[in-house]
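Data block below; observations after.
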Amino acid sequence: MQVLPAQREGLLFACLLEAGVRYVEGASDSLPEGTVALGRQRDGLIRHGRFLRDAQPGPSETAPETTPDLDAYLRRVADYPLAVRFALRAALGQAGDDGFGPSFAWLQRLEALPARQRADRAYDFGAGLTLAIPCGDAGLFLRGWLWDPHGAVERLTLISPYGERRPVIPHRLPLANDPVRRHFAPDGVPSHPVPTNVAAFVPLDRDPRHCLQVRLEIALRDGLTEELISPVHRLSRPQGRDALLASLPAEAVTPALLEACVYPALSALNGDLLSGKHIAETHRFGGTPASPAVSIIVPLYGAYDFLDIQAARFAFDPGIRDADLIYVLDRPEDAAVVRDRLDGLHRTYGMACRLAVCAENYGYGPTCALGAGLASAPLLLFLNADVVPEAPGWLSRLAAFHKAQPEAGVTGPRLLFPDGGLQHAGLFFSSGEQDWWVNRHYWKGFPGDHPPALTSREVPGVTGACLMIGAELFREAGGFREAYVLGDFEDSTLALACRALGRRNYYCANVVLTHQERASMALHPGHRGGIASAYNGWLQDRFWGDAIAALMADPAFAETPLSRLPA
């Protein structure tokens, strides 16, 4: 019987990583199970690396040095081939337990392997992966492009940092101005039969929130493969949400894209962001009324000049002094600016108010909900900062009207544009413009004194720019739904929820304010040119489409409604 020589093995390097994980390199005659091959030495031994938990035994020989330093590991592997570094990264992800995710994400940021795309015009093939956004515990949203005029691509496979492989089903995004076509075919040759821009949502089983850099394997018909590398994801959760929204232009939106790609990504990403929503800081300017009749909640984002105008009107209105005035800032980086501004307005006008600062940018609905949680009055009024009263006494008259209506749900006043045109006389739902119901305002753009708009009546809903509701009913109806992103359709959904509880919604024609529509919304990067409004409208239709159809079948709620006076 032949006697085999004993296995030779030596330890070349070791360092301690976070969370009790060690990296060790050794050399041996063969590749041990669970290790990554690093190369072959001059003496013929195979160099290999592996990650060990504290309880796992390592090679028996003494290491030249043991360095408890993550930087030591990064320096050690810096010159290894990319394939080896990705293999080591996957092995590290597998070695860590569930609590290792944040350290694993931090390593991906520090290591930051270079992104890779294929954009050489000399070839009739190209591809790039521009975004890979973690979406909570659900998966990843991908945005990229694929130039494949001859249909050479057979399949796409995502490879996560943990080594998990998942098929990718791309959704084509038709763009009127396509930079990929301009790059590869400036003269129109060759033609490309399908849109080149793509998006996808890829569900993952293993810790997608800490997958910050991924690979996309492209299998071609001839058996060859191409591999793309995404940039390292460095965005906060609000920034990731905004980047996702901005990456999908409104012209590319279809129900199929929203259902299969956008909804699973955004619902998970937004839900993850809002799961820990809270107020980071509060400030008080003056005293709060002991027993206010109304709590006014003013969400703020970006447009603060309106505060001066609004405060000047509030200051000379005795009814406001008896209200609980709460400003809720949804842009925490502006906290010092807004705090100083409100302090100055308090010193100038004696206007008492509170400021609550959100910990992150949550959007209109969650911001208002956090403000409602601070309110002390039995009635809530949600008021945009760009809504300005026309005359004193408006708040008490609106509250009196609301209390007088039978089974009141939400109530809203008449709103005018700065030029005197009608901005809001109640909200209704319109079909045929999109593949889902959309929100519209009665007689929007008509003269502010358009006769039908001078009659108070029951309406399907009212705008959130100035919306009154009982505090208990607000909670019973579920508040503003957090499924929507940034802002839009929370007001109409609240009105629908009130109707589902047997309540009725009212328009008050005799209370008039001026509204500079969407002044703050236009400043938000997630709204500019993106799909937030389309997504929210589709989502409302998904939840409430049948109820809306039944409601709008009533002739009293048609775009030019029959007169319906409250009893």
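Going through the structure tokens in order, the chains are called A, B, and so on, while each chain numbers its residues from 1 and the ligands are numbered from 1 in the order shown.
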
Write out as a Markdown table a residue-level contact list of region 442-527 of chain A versus region 269-285 of chain A with cut-off 9 Å: for each qualifying residue the closest pair of atoms and the distance in Å to one decimal, counting only C-alpha atoms, rows sorted by chain and residue number upward.
```
| residue | atom | partner | partner_atom | distance |
| --- | --- | --- | --- | --- |
| A:Glu482 | CA | A:Leu274 | CA | 7.8 |
| A:Ala483 | CA | A:Gly271 | CA | 7.4 |
| A:Tyr484 | CA | A:Asn270 | CA | 8.4 |
| A:Val485 | CA | A:Asn270 | CA | 7.1 |
```

Contacts of Ala532 (chain A) within 10 Å, only C-alpha atoms, excl. fewer than 2 positions in-chain, as a PDB file with all heavy atoms, in the first residue's frame:
```pdb
ATOM      1  N   ASP A 242     -35.640  58.678  -3.092  1.00  0.00           N
ATOM      2  CA  ASP A 242     -35.708  59.758  -4.077  1.00  0.00           C
ATOM      3  C   ASP A 242     -34.986  59.379  -5.368  1.00  0.00           C
ATOM      4  O   ASP A 242     -35.435  59.724  -6.472  1.00  0.00           O
ATOM      5  CB  ASP A 242     -35.095  61.036  -3.496  1.00  0.00           C
ATOM      6  CG  ASP A 242     -35.837  61.529  -2.267  1.00  0.00           C
ATOM      7  OD1 ASP A 242     -36.983  61.087  -2.049  1.00  0.00           O
ATOM      8  OD2 ASP A 242     -35.266  62.345  -1.512  1.00  0.00           O
ATOM      9  N   LEU A 244     -34.635  56.341  -6.574  1.00  0.00           N
ATOM     10  CA  LEU A 244     -35.502  55.390  -7.270  1.00  0.00           C
ATOM     11  C   LEU A 244     -36.592  56.128  -8.033  1.00  0.00           C
ATOM     12  O   LEU A 244     -36.821  55.864  -9.221  1.00  0.00           O
ATOM     13  CB  LEU A 244     -36.110  54.427  -6.249  1.00  0.00           C
ATOM     14  CG  LEU A 244     -36.874  53.200  -6.747  1.00  0.00           C
ATOM     15  CD1 LEU A 244     -36.980  52.156  -5.645  1.00  0.00           C
ATOM     16  CD2 LEU A 244     -38.268  53.539  -7.254  1.00  0.00           C
ATOM     17  N   LEU A 245     -37.255  57.062  -7.370  1.00  0.00           N
ATOM     18  CA  LEU A 245     -38.336  57.805  -8.018  1.00  0.00           C
ATOM     19  C   LEU A 245     -37.829  58.610  -9.207  1.00  0.00           C
ATOM     20  O   LEU A 245     -38.450  58.628 -10.277  1.00  0.00           O
ATOM     21  CB  LEU A 245     -38.996  58.735  -7.004  1.00  0.00           C
ATOM     22  CG  LEU A 245     -39.801  58.065  -5.895  1.00  0.00           C
ATOM     23  CD1 LEU A 245     -40.146  59.065  -4.807  1.00  0.00           C
ATOM     24  CD2 LEU A 245     -41.069  57.429  -6.450  1.00  0.00           C
ATOM     25  N   ALA A 246     -36.692  59.278  -9.033  1.00  0.00           N
ATOM     26  CA  ALA A 246     -36.166  60.131 -10.093  1.00  0.00           C
ATOM     27  C   ALA A 246     -35.635  59.323 -11.272  1.00  0.00           C
ATOM     28  O   ALA A 246     -35.537  59.845 -12.388  1.00  0.00           O
ATOM     29  CB  ALA A 246     -35.058  61.025  -9.536  1.00  0.00           C
ATOM     30  N   LEU A 248     -37.018  56.907 -12.779  1.00  0.00           N
ATOM     31  CA  LEU A 248     -38.086  56.397 -13.630  1.00  0.00           C
ATOM     32  C   LEU A 248     -38.935  57.565 -14.120  1.00  0.00           C
ATOM     33  O   LEU A 248     -39.828  58.027 -13.405  1.00  0.00           O
ATOM     34  CB  LEU A 248     -38.949  55.402 -12.855  1.00  0.00           C
ATOM     35  CG  LEU A 248     -38.219  54.153 -12.342  1.00  0.00           C
ATOM     36  CD1 LEU A 248     -39.130  53.359 -11.413  1.00  0.00           C
ATOM     37  CD2 LEU A 248     -37.743  53.291 -13.493  1.00  0.00           C
ATOM     38  N   PRO A 249     -38.674  58.084 -15.310  1.00  0.00           N
ATOM     39  CA  PRO A 249     -39.445  59.231 -15.798  1.00  0.00           C
ATOM     40  C   PRO A 249     -40.903  58.876 -16.012  1.00  0.00           C
ATOM     41  O   PRO A 249     -41.248  57.722 -16.313  1.00  0.00           O
ATOM     42  CB  PRO A 249     -38.748  59.589 -17.118  1.00  0.00           C
ATOM     43  CG  PRO A 249     -38.023  58.356 -17.516  1.00  0.00           C
ATOM     44  CD  PRO A 249     -37.643  57.649 -16.272  1.00  0.00           C
ATOM     45  N   ALA A 250     -41.763  59.876 -15.855  1.00  0.00           N
ATOM     46  CA  ALA A 250     -43.204  59.666 -15.948  1.00  0.00           C
ATOM     47  C   ALA A 250     -43.605  59.066 -17.286  1.00  0.00           C
ATOM     48  O   ALA A 250     -44.564  58.287 -17.361  1.00  0.00           O
ATOM     49  CB  ALA A 250     -43.932  60.983 -15.701  1.00  0.00           C
ATOM     50  N   TYR A 484     -48.231  55.768   0.776  1.00  0.00           N
ATOM     51  CA  TYR A 484     -47.897  56.735  -0.264  1.00  0.00           C
ATOM     52  C   TYR A 484     -46.501  57.324  -0.012  1.00  0.00           C
ATOM     53  O   TYR A 484     -46.061  57.429   1.138  1.00  0.00           O
ATOM     54  CB  TYR A 484     -48.938  57.851  -0.315  1.00  0.00           C
ATOM     55  CG  TYR A 484     -50.328  57.337  -0.590  1.00  0.00           C
ATOM     56  CD1 TYR A 484     -51.333  57.420   0.366  1.00  0.00           C
ATOM     57  CD2 TYR A 484     -50.643  56.754  -1.812  1.00  0.00           C
ATOM     58  CE1 TYR A 484     -52.613  56.941   0.120  1.00  0.00           C
ATOM     59  CE2 TYR A 484     -51.914  56.271  -2.069  1.00  0.00           C
ATOM     60  CZ  TYR A 484     -52.890  56.367  -1.104  1.00  0.00           C
ATOM     61  OH  TYR A 484     -54.145  55.884  -1.357  1.00  0.00           O
ATOM     62  N   VAL A 485     -45.834  57.724  -1.075  1.00  0.00           N
ATOM     63  CA  VAL A 485     -44.487  58.265  -0.930  1.00  0.00           C
ATOM     64  C   VAL A 485     -44.511  59.778  -1.108  1.00  0.00           C
ATOM     65  O   VAL A 485     -45.190  60.309  -1.990  1.00  0.00           O
ATOM     66  CB  VAL A 485     -43.494  57.626  -1.927  1.00  0.00           C
ATOM     67  CG1 VAL A 485     -43.289  56.158  -1.613  1.00  0.00           C
ATOM     68  CG2 VAL A 485     -43.939  57.794  -3.369  1.00  0.00           C
ATOM     69  N   LEU A 486     -43.790  60.452  -0.246  1.00  0.00           N
ATOM     70  CA  LEU A 486     -43.561  61.899  -0.262  1.00  0.00           C
ATOM     71  C   LEU A 486     -44.823  62.699  -0.004  1.00  0.00           C
ATOM     72  O   LEU A 486     -44.903  63.458   0.958  1.00  0.00           O
ATOM     73  CB  LEU A 486     -42.917  62.336  -1.580  1.00  0.00           C
ATOM     74  CG  LEU A 486     -41.539  61.729  -1.853  1.00  0.00           C
ATOM     75  CD1 LEU A 486     -40.982  62.262  -3.168  1.00  0.00           C
ATOM     76  CD2 LEU A 486     -40.582  62.031  -0.715  1.00  0.00           C
ATOM     77  N   GLY A 487     -45.842  62.575  -0.821  1.00  0.00           N
ATOM     78  CA  GLY A 487     -47.057  63.341  -0.619  1.00  0.00           C
ATOM     79  C   GLY A 487     -47.902  63.364  -1.867  1.00  0.00           C
ATOM     80  O   GLY A 487     -47.384  63.578  -2.962  1.00  0.00           O
ATOM     81  N   ASP A 488     -49.173  63.130  -1.729  1.00  0.00           N
ATOM     82  CA  ASP A 488     -50.172  63.100  -2.785  1.00  0.00           C
ATOM     83  C   ASP A 488     -51.099  61.931  -2.487  1.00  0.00           C
ATOM     84  O   ASP A 488     -50.612  60.821  -2.238  1.00  0.00           O
ATOM     85  CB  ASP A 488     -49.566  62.932  -4.183  1.00  0.00           C
ATOM     86  CG  ASP A 488     -49.902  64.100  -5.097  1.00  0.00           C
ATOM     87  OD1 ASP A 488     -50.628  65.005  -4.659  1.00  0.00           O
ATOM     88  OD2 ASP A 488     -49.427  64.119  -6.253  1.00  0.00           O
ATOM     89  N   GLY A 526     -37.466  63.995  -5.217  1.00  0.00           N
ATOM     90  CA  GLY A 526     -38.253  62.821  -5.567  1.00  0.00           C
ATOM     91  C   GLY A 526     -39.474  63.141  -6.400  1.00  0.00           C
ATOM     92  O   GLY A 526     -40.048  62.257  -7.037  1.00  0.00           O
ATOM     93  N   HIS A 527     -39.898  64.405  -6.408  1.00  0.00           N
ATOM     94  CA  HIS A 527     -41.080  64.801  -7.179  1.00  0.00           C
ATOM     95  C   HIS A 527     -40.723  65.372  -8.548  1.00  0.00           C
ATOM     96  O   HIS A 527     -41.518  65.279  -9.483  1.00  0.00           O
ATOM     97  CB  HIS A 527     -41.895  65.848  -6.411  1.00  0.00           C
ATOM     98  CG  HIS A 527     -42.971  65.258  -5.562  1.00  0.00           C
ATOM     99  ND1 HIS A 527     -44.050  64.590  -6.071  1.00  0.00           N
ATOM    100  CD2 HIS A 527     -43.120  65.226  -4.215  1.00  0.00           C
ATOM    101  CE1 HIS A 527     -44.841  64.190  -5.088  1.00  0.00           C
ATOM    102  NE2 HIS A 527     -44.296  64.555  -3.947  1.00  0.00           N
ATOM    103  N   ARG A 528     -39.535  65.956  -8.667  1.00  0.00           N
ATOM    104  CA  ARG A 528     -39.196  66.651  -9.903  1.00  0.00           C
ATOM    105  C   ARG A 528     -38.988  65.651 -11.046  1.00  0.00           C
ATOM    106  O   ARG A 528     -37.988  64.936 -11.099  1.00  0.00           O
ATOM    107  CB  ARG A 528     -37.938  67.500  -9.717  1.00  0.00           C
ATOM    108  CG  ARG A 528     -38.117  68.682  -8.809  1.00  0.00           C
ATOM    109  CD  ARG A 528     -36.980  69.671  -8.977  1.00  0.00           C
ATOM    110  NE  ARG A 528     -35.696  69.100  -8.626  1.00  0.00           N
ATOM    111  CZ  ARG A 528     -35.119  69.208  -7.436  1.00  0.00           C
ATOM    112  NH1 ARG A 528     -35.749  69.834  -6.466  1.00  0.00           N
ATOM    113  NH2 ARG A 528     -33.935  68.681  -7.210  1.00  0.00           N
ATOM    114  N   GLY A 529     -39.938  65.597 -11.976  1.00  0.00           N
ATOM    115  CA  GLY A 529     -39.798  64.763 -13.156  1.00  0.00           C
ATOM    116  C   GLY A 529     -39.940  63.282 -12.912  1.00  0.00           C
ATOM    117  O   GLY A 529     -39.794  62.481 -13.835  1.00  0.00           O
ATOM    118  N   GLY A 530     -40.209  62.866 -11.683  1.00  0.00           N
ATOM    119  CA  GLY A 530     -40.284  61.453 -11.371  1.00  0.00           C
ATOM    120  C   GLY A 530     -41.709  60.932 -11.349  1.00  0.00           C
ATOM    121  O   GLY A 530     -42.637  61.564 -11.856  1.00  0.00           O
ATOM    122  N   ALA A 534     -47.716  59.540  -9.999  1.00  0.00           N
ATOM    123  CA  ALA A 534     -48.313  58.421 -10.727  1.00  0.00           C
ATOM    124  C   ALA A 534     -48.390  57.178  -9.847  1.00  0.00           C
ATOM    125  O   ALA A 534     -49.394  56.460  -9.834  1.00  0.00           O
ATOM    126  CB  ALA A 534     -47.512  58.131 -11.993  1.00  0.00           C
ATOM    127  N   TYR A 535     -47.334  56.914  -9.106  1.00  0.00           N
ATOM    128  CA  TYR A 535     -47.320  55.744  -8.224  1.00  0.00           C
ATOM    129  C   TYR A 535     -48.405  55.858  -7.160  1.00  0.00           C
ATOM    130  O   TYR A 535     -49.142  54.900  -6.899  1.00  0.00           O
ATOM    131  CB  TYR A 535     -45.947  55.623  -7.565  1.00  0.00           C
ATOM    132  CG  TYR A 535     -45.867  54.573  -6.474  1.00  0.00           C
ATOM    133  CD1 TYR A 535     -45.805  53.228  -6.795  1.00  0.00           C
ATOM    134  CD2 TYR A 535     -45.870  54.936  -5.127  1.00  0.00           C
ATOM    135  CE1 TYR A 535     -45.748  52.259  -5.794  1.00  0.00           C
ATOM    136  CE2 TYR A 535     -45.806  53.976  -4.124  1.00  0.00           C
ATOM    137  CZ  TYR A 535     -45.738  52.636  -4.466  1.00  0.00           C
ATOM    138  OH  TYR A 535     -45.678  51.692  -3.479  1.00  0.00           O
ATOM    139  N   ASN A 536     -48.520  57.023  -6.538  1.00  0.00           N
ATOM    140  CA  ASN A 536     -49.519  57.202  -5.496  1.00  0.00           C
ATOM    141  C   ASN A 536     -50.936  57.089  -6.051  1.00  0.00           C
ATOM    142  O   ASN A 536     -51.824  56.519  -5.406  1.00  0.00           O
ATOM    143  CB  ASN A 536     -49.329  58.557  -4.814  1.00  0.00           C
ATOM    144  CG  ASN A 536     -48.093  58.585  -3.932  1.00  0.00           C
ATOM    145  OD1 ASN A 536     -47.558  57.562  -3.542  1.00  0.00           O
ATOM    146  ND2 ASN A 536     -47.613  59.787  -3.634  1.00  0.00           N
ATOM    147  N   GLY A 537     -51.169  57.640  -7.252  1.00  0.00           N
ATOM    148  CA  GLY A 537     -52.487  57.522  -7.870  1.00  0.00           C
ATOM    149  C   GLY A 537     -52.836  56.078  -8.188  1.00  0.00           C
ATOM    150  O   GLY A 537     -53.967  55.622  -7.951  1.00  0.00           O
ATOM    151  N   TRP A 538     -51.854  55.341  -8.721  1.00  0.00           N
ATOM    152  CA  TRP A 538     -52.065  53.918  -9.003  1.00  0.00           C
ATOM    153  C   TRP A 538     -52.337  53.154  -7.717  1.00  0.00           C
ATOM    154  O   TRP A 538     -53.204  52.268  -7.676  1.00  0.00           O
ATOM    155  CB  TRP A 538     -50.826  53.372  -9.709  1.00  0.00           C
ATOM    156  CG  TRP A 538     -50.797  51.896  -9.876  1.00  0.00           C
ATOM    157  CD1 TRP A 538     -51.380  51.162 -10.873  1.00  0.00           C
ATOM    158  CD2 TRP A 538     -50.150  50.950  -9.004  1.00  0.00           C
ATOM    159  NE1 TRP A 538     -51.137  49.824 -10.678  1.00  0.00           N
ATOM    160  CE2 TRP A 538     -50.383  49.667  -9.542  1.00  0.00           C
ATOM    161  CE3 TRP A 538     -49.410  51.071  -7.844  1.00  0.00           C
ATOM    162  CZ2 TRP A 538     -49.893  48.502  -8.953  1.00  0.00           C
ATOM    163  CZ3 TRP A 538     -48.910  49.921  -7.242  1.00  0.00           C
ATOM    164  CH2 TRP A 538     -49.159  48.662  -7.789  1.00  0.00           C
TER     165      TRP A 538
END
```

- Message: At a cut-off of 8 Å, using only C-alpha atoms, what residues contact region 334-339 of chain A? Leave out same-chain residues fewer than 5 positions from it and give the result as a ChimeraX atom specification.
- Response: /A:283,302,304,329,355,357

(message) Please extract the residues of region 270-301 of chain A with a backbone DSSP assignment of alpha helix (DSSP H) and present them as a PyMOL selection string.
(response) chain A and resi 270-274

Only all heavy atoms, please: the residues just picked out, written as a short mmCIF file (atom, residue, chain, number, x, y, z; two decimals), in the first residue's frame.
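Listed below is the output, out.cif:
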```cif
data_model
loop_
_atom_site.label_atom_id
_atom_site.label_comp_id
_atom_site.auth_asym_id
_atom_site.auth_seq_id
_atom_site.Cartn_x
_atom_site.Cartn_y
_atom_site.Cartn_z
N ASN A 270 -39.93 52.31 1.55
CA ASN A 270 -40.62 53.33 2.32
C ASN A 270 -41.06 52.78 3.68
O ASN A 270 -40.99 53.47 4.70
CB ASN A 270 -41.84 53.84 1.54
CG ASN A 270 -42.29 55.22 1.96
OD1 ASN A 270 -41.46 56.12 2.11
ND2 ASN A 270 -43.58 55.39 2.16
N GLY A 271 -41.51 51.52 3.69
CA GLY A 271 -41.89 50.91 4.96
C GLY A 271 -40.73 50.79 5.92
O GLY A 271 -40.87 51.01 7.13
N ASP A 272 -39.55 50.47 5.38
CA ASP A 272 -38.36 50.37 6.22
C ASP A 272 -37.99 51.74 6.80
O ASP A 272 -37.64 51.86 7.97
CB ASP A 272 -37.20 49.83 5.38
CG ASP A 272 -35.97 49.55 6.20
OD1 ASP A 272 -36.06 48.82 7.19
OD2 ASP A 272 -34.88 50.06 5.84
N LEU A 273 -38.11 52.78 5.98
CA LEU A 273 -37.82 54.13 6.43
C LEU A 273 -38.78 54.56 7.55
O LEU A 273 -38.36 55.14 8.56
CB LEU A 273 -37.91 55.11 5.25
CG LEU A 273 -37.92 56.60 5.57
CD1 LEU A 273 -36.61 57.03 6.22
CD2 LEU A 273 -38.18 57.41 4.30
N LEU A 274 -40.06 54.27 7.37
CA LEU A 274 -41.08 54.78 8.30
C LEU A 274 -41.25 53.91 9.54
O LEU A 274 -41.92 54.33 10.49
CB LEU A 274 -42.42 54.90 7.57
CG LEU A 274 -42.45 55.86 6.38
CD1 LEU A 274 -43.84 55.90 5.76
CD2 LEU A 274 -42.00 57.25 6.80
#
```

Shortest contact to Pro452 (chain A), candidates A:Glu559, A:Ala119, A:Arg475, A:Asp546, atoms counted only C-alpha atoms, goes to A:Glu559

Problem set entry | strand (DSSP E) per DSSP on the backbone: members of region 297-379 of chain A, as a PyMOL selection string | chain A and resi 297-300+324-329+353-358+379

Mind checking which residues fall within 9 Å of Asp322 (chain A), counting only C-alpha atoms, ignoring those fewer than 5 positions away in the same chain, and posting them as a compact mmCIF listing (two decimals) with N, CA, C and O atoms, in the first residue's frame?
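Just written: selection_1.txt:
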```
# COMPACT_ATOMS: atom_id res chain seq x y z
N THR A 288 -48.57 77.44 25.22
CA THR A 288 -49.65 76.76 24.51
C THR A 288 -50.97 77.01 25.24
O THR A 288 -51.01 76.94 26.47
N PRO A 289 -52.06 77.31 24.53
CA PRO A 289 -53.35 77.52 25.20
C PRO A 289 -53.72 76.31 26.04
O PRO A 289 -53.44 75.16 25.69
N ALA A 290 -54.36 76.55 27.16
CA ALA A 290 -54.69 75.48 28.10
C ALA A 290 -55.68 74.49 27.50
O ALA A 290 -55.54 73.27 27.65
N SER A 291 -56.70 75.00 26.82
CA SER A 291 -57.74 74.12 26.23
C SER A 291 -58.07 74.59 24.82
O SER A 291 -59.14 75.17 24.57
N PRO A 292 -57.17 74.36 23.87
CA PRO A 292 -57.41 74.85 22.51
C PRO A 292 -58.55 74.09 21.85
O PRO A 292 -58.76 72.90 22.12
N ALA A 293 -59.30 74.80 21.02
CA ALA A 293 -60.39 74.15 20.27
C ALA A 293 -59.87 73.44 19.04
O ALA A 293 -60.43 72.42 18.61
N VAL A 294 -58.78 73.98 18.47
CA VAL A 294 -58.22 73.43 17.23
C VAL A 294 -56.71 73.36 17.35
O VAL A 294 -56.07 74.31 17.84
```

If we count only C-alpha atoms, what is near Tyr301 (chain A) at a cut-off of 12 Å, once residues fewer than 2 positions away on the same chain are taken out, given as a PyMOL selection string? chain A and resi 298-299+303-307+327-335+337-338+357-358+360-364+367-368+384-386+486-487+518-525

Problem set entry | Contact residues around Ser191 (chain A) with only C-alpha atoms at 10 Å, ignoring same-chain residues under 2 positions, as a VMD selection string | chain A and resid 148 to 150 181 184 to 185 187 to 189 193 to 194

Within 8 Å of Ala37 (chain A) using only C-alpha atoms, minus same-chain residues under 4 positions, as JSON, numbers by chain: {"A": [31, 46, 47, 48, 49, 84]}
